[in-house]
Structures are given as structure tokens and as C-alpha cells.
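A.B. asks: Got a structure here, written out as C-alpha cells. Questions coming.
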Amino acid sequence: MNEQHRFWQRALRMLSLGVPSEKVSSVSENERHTFQQEVWVRTLLKEQQKKHIDMNTHLEHIPFIIIDTETTGFSPQHGDEIFSIAAAKTRNGQLNDFYFRLIRPEKEIPEHISQLTGIRMEDVQSAPRLKEEMKHFLSFISDGLIIGYHIGHDLSFMNHFLWTNYRTKWTGRFLEMQQVMEMIHRPVLFPTLDEALHHYDIPCEKRHTADGDVRAMVELWKRMLEDLKQKQIETLYDLYTALSVMPR
């Protein structure tokens, strides 16, 4: 059953229960917008699944998209939310396009998070809700392989939102930058982004902000690509193979 069919079923059901037609119309308009948005998101994610990157593609030719989010806590299942999101399109280590948005969460940003990020509720009062902005973010990241430091955190929030609102999830390829960093420099460990940046003497002027961290990671990824090439890890297949033999 398609979304339009569901919409009309609900409208007819409301009329049969005696709901005035003008109220059905107003609800219908809102639902129609919701259905259109849901269809758009689902279609975009399905199209993204078809954009396979050949495993023999050289790393310098792959569009890597670096992402980062700032959140009100660590658990989307317990009501924590995204309030800042950024992404950078790169190819061969070069920045090609940049995306950044503040997001207005449903709940207050905790004081300790504001102290860490420098972002307070007054800074996001005029910002869009995540539901308004997610389609723009998904469109931005849909044509590449996404990477980030501790990217599991970002993906958990993104997928929780997508599943809650659209009963779908991000299924595209992604790489954990920490694993790549530790594979390059093993047996040295780099549990934090700060330690990885320090290794290459990369400054981060706006640490713990989504846009500041992404810009720093663009330079970090550029240096990592240079080291991967020196190790003769040149294709996506080479990279996955090298990561697969790392000790867990």
C-alpha cells in the first residue's frame, strides 16, 4: 500500500467517524506533507544503496564525506538529541563542499554540554528542527563514503531518528577514522580525536563543535591518505583488507 493510499484511508475513516470535513482537510494537509517527506527520504536512501563504490577504486578517486554531530548526551534512546551537525565532501584529501547547521532540539541543552561546545539554547532558538533539516543533510552525504572519528555515535543518533520517523536506516558504507588511524600507526592507539590531531600537529580552533571538528578532520584525513599511500594501501579493497587483519 503506498503512502497516498494510506492518507486517503485515514481521511475516509475520520469522515466516517463524524469528524467535520474542515478538520479532516487541515489534518490531511499536514499528513500529506509528512507523507511526501517520508517518501522523499525513503527514495533517497534507496537510491543511495544503488551507488556502489567498486572495491578496486583508488582511494584518491573516492568521495569521502566526513561527518560530525554535537548531541545533548550519549543515548538517543533516552531522549538525547542532535543540536549541531556538519559534513565535508572531500576527494583526494581536498575539501570540495561543506555543510553545517545548528538544530533546535526539543529539550534544553544541558549546561555541561553548553560549557563544552559553547552552544546554548539561545543560539539555536531560530534554528530548524532536525525533521526539517535531515533531508538536506541526507542529500549532502548521499553520494560518498562517510567517515568520522567515533562515527558510531553519530550514526546511532542518525539511525534512531530515521527509524523513529521513517522506519528506515542509513545502510551506506562508512569507515571509522579511529580504526584507520590505529591501523596506520599500530601498535600505537589513538582513542580520542585530540590524540590523532596531536600526532600530526593539526590545530582545531573550535574543538567540540561539529563544524570545527569536521574541518580539523579534513586535514587529518588528508595526512592519513598520504600515509596509506606510503604503505601501498591504494584501493578501497586494500584498505578493507588491512583493517580486517587488525587485532580486535
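So you can find residues: chains in the C-alpha cells are A, B, ... in the order shown, residues in each start at 1, and ligands are numbered from 1 in order.
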Can you pull out the residues contacting A:Gln115? Cut-off 12 Å, using only C-alpha atoms, and skip same-chain residues under 3 positions away; I want them as a list in words.
C.D. replies: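 Within the cut-off, the hits are Thr72, Ile109, Pro110, Glu111, His112, Gly118, Ile119, Arg120, Met121, Arg207, His208 and Thr209 of chain A.
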A.B. asks: Keeping C-alpha atoms, export the residues of the selection given above as a short mmCIF file (atom, residue, chain, number, x, y, z; two decimals), in the first residue's frame.
C.D. replies:
```cif
data_model
loop_
_atom_site.label_atom_id
_atom_site.label_comp_id
_atom_site.auth_asym_id
_atom_site.auth_seq_id
_atom_site.Cartn_x
_atom_site.Cartn_y
_atom_site.Cartn_z
CA THR A 72 22.75 16.69 24.26
CA ILE A 109 20.84 21.68 26.00
CA PRO A 110 22.39 20.67 29.37
CA GLU A 111 24.70 23.23 30.97
CA HIS A 112 27.74 20.94 30.92
CA GLY A 118 29.96 26.88 23.58
CA ILE A 119 26.43 26.43 22.17
CA ARG A 120 23.43 27.43 24.30
CA MET A 121 19.68 27.28 23.77
CA ARG A 207 37.09 21.81 19.28
CA HIS A 208 33.84 20.11 20.34
CA THR A 209 31.83 21.93 17.70
#
```
A.B. asks: Just the strand (DSSP E) stuff from stretch 90-197 of chain A, please, per backbone DSSP, written as a PyMOL selection string.
C.D. replies: chain A and resi 90-91+94-102+145-148+174-176
A.B. asks: Give the helix (DSSP H, G or I) residues of stretch 30-216 of chain A, as assigned by DSSP on the backbone, as a ChimeraX atom specification.
C.D. replies: /A:30-50,59-61,76-78,111-117,121-124,130-141,151-166,177-185,193-199,210-216
A.B. asks: Report the distance between atom CA of A:Pro105 and atom CA of A:Leu193 in Å, rounded to one decimal place.
C.D. replies: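 So the answer is 25.3 Å.
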A.B. asks: Which of these, A:Trp170, A:Tyr149, A:Phe83, A:Phe100, has the shortest distance to A:Arg129 once you count only C-alpha atoms?
C.D. replies: A:Phe83
A.B. asks: Restricting the calculation to only C-alpha atoms, which member of A:Thr164, A:Leu95, A:Asp54, A:Met134 is positioned closest to A:Gly79?
C.D. replies: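 Residue with the minimum atom-to-atom distance to A:Gly79: A:Thr164.
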A.B. asks: Do a neighbour search on A:Asp68 at 12 Å with only C-alpha atoms, toss out local chain neighbours closer than 6 positions, and write the hits as a PyMOL selection string.
C.D. replies: chain A and resi 82-88+98-101+137+141+146-158+176-177+193+207-218
A.B. asks: Do a neighbour search on A:Ser126 at 10 Å with only C-alpha atoms, toss out local chain neighbours closer than 6 positions, and write the hits as a list in words.
C.D. replies: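 The residues that qualify are Leu102, Ile103 and Arg104 of chain A.
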A.B. asks: So what do you get for atom CA of A:Ser75 versus atom CA of A:Thr117, distance-wise?
C.D. replies: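 Computing the Euclidean distance for atom CA of A:Ser75 and atom CA of A:Thr117 yields 17.6 Å.
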A.B. asks: Using only C-alpha atoms, which of A:Pro247, A:Gly93, A:Gly144, A:Pro203 sits nearest A:Glu182?
C.D. replies: A:Pro247
